[in-house]
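Data block below; observations after.
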Amino acid sequence: MTPPRRQRRSPGPDRSAAPAPPRAPAKEDELPNPERLFVIGGEGGGERADIDLVTLIVARADPPVSATPEEAALLRLCAAPLSVAELSAYLSLPFSVVTVLLTDLLAKELVQARAPIVRQKVADRNLLEAVMHGLQKL
């Protein structure tokens, strides 16, 4: 039995395949090129704040006139505590870019970073027993 012959793919478009559908133009809220992310985040070569995805961010002041549009959007969103993951999703920016922006805002004391609220480390025994008895009755 002979092995199947595999055809090499060429980097150019395949003539035998159907033509690819035209690409839709990029929307304004999408970031099609990485250069834009570099412009938003700046060099980012300095130290970054110790921020993770669940750190809560709260604005301490209104956006100043000198703030970039992304910084102003962050400050407006943070009127109520939001996690860094939520901010990243709302602004459609990668976590690393949001971290750089938040580090700058923390240095300017325009936002405050809080650790997430941790509930009890050990679950309540009465609650666990109630759940166990409820499951046994099923």
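If you're wondering about the labels, chains in the structure tokens are A, B, ... by order shown, residues count from 1 in each chain, ligands from 1 in order shown.
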| task | Could you give me, as a list in words, the residues within 10 Å of Pro94 (chain A), counting only C-alpha atoms and dropping anything in the same chain fewer than 5 positions from it? | result | Leu37, Ala85, Leu87, Ser88, Ala89 and Thr99 of chain A
Once you have the residues from the selection above, write them out as a short mmCIF file (atom, residue, chain, number, x, y, z; two decimals), in the first residue's frame, restricted to all heavy atoms.
```cif
data_model
loop_
_atom_site.label_atom_id
_atom_site.label_comp_id
_atom_site.auth_asym_id
_atom_site.auth_seq_id
_atom_site.Cartn_x
_atom_site.Cartn_y
_atom_site.Cartn_z
N LEU A 37 -1.09 49.77 19.59
CA LEU A 37 -0.93 49.38 21.00
C LEU A 37 0.32 49.99 21.61
O LEU A 37 0.32 50.39 22.77
CB LEU A 37 -0.89 47.85 21.12
CG LEU A 37 -2.15 47.12 20.70
CD1 LEU A 37 -1.94 45.62 20.79
CD2 LEU A 37 -3.33 47.54 21.53
N ALA A 85 -9.46 42.84 34.57
CA ALA A 85 -9.98 42.01 33.48
C ALA A 85 -11.20 42.67 32.84
O ALA A 85 -11.34 42.68 31.62
CB ALA A 85 -10.35 40.63 34.00
N LEU A 87 -11.91 45.91 32.84
CA LEU A 87 -11.43 47.10 32.13
C LEU A 87 -10.83 46.72 30.78
O LEU A 87 -11.08 47.38 29.77
CB LEU A 87 -10.40 47.85 32.97
CG LEU A 87 -10.93 48.52 34.24
CD1 LEU A 87 -9.77 49.03 35.08
CD2 LEU A 87 -11.88 49.63 33.88
N SER A 88 -10.06 45.66 30.78
CA SER A 88 -9.45 45.20 29.53
C SER A 88 -10.52 44.81 28.52
O SER A 88 -10.42 45.13 27.33
CB SER A 88 -8.53 44.02 29.83
OG SER A 88 -7.99 43.51 28.65
N ALA A 89 -11.57 44.15 28.99
CA ALA A 89 -12.64 43.73 28.09
C ALA A 89 -13.45 44.94 27.59
O ALA A 89 -13.77 45.02 26.40
CB ALA A 89 -13.56 42.75 28.80
N THR A 99 -2.31 47.35 31.89
CA THR A 99 -1.40 47.41 33.03
C THR A 99 -0.47 48.62 32.92
O THR A 99 -0.23 49.31 33.92
CB THR A 99 -0.57 46.12 33.11
OG1 THR A 99 -1.45 45.02 33.19
CG2 THR A 99 0.32 46.12 34.33
#
```
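Nearest residue to Thr55 (chain A), choosing from A:Ala113, A:Ala107, A:Ala72, A:Val98 and counting only C-alpha atoms: A:Ala113.
In this structure, CA of Arg114 (chain A) sits 7.8 Å away from CA of Val58 (chain A).
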| query | Quick one: residues within 10 Å of Asp62 (chain A), only C-alpha atoms counted, chain neighbours fewer than 2 positions away excluded, as a PyMOL selection string? | reply | chain A and resi 59-60+64-65+72+75-76+78-79+110-111
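One finds CA of Pro81 (chain A) at 25.6 Å from CA of Ala123 (chain A).
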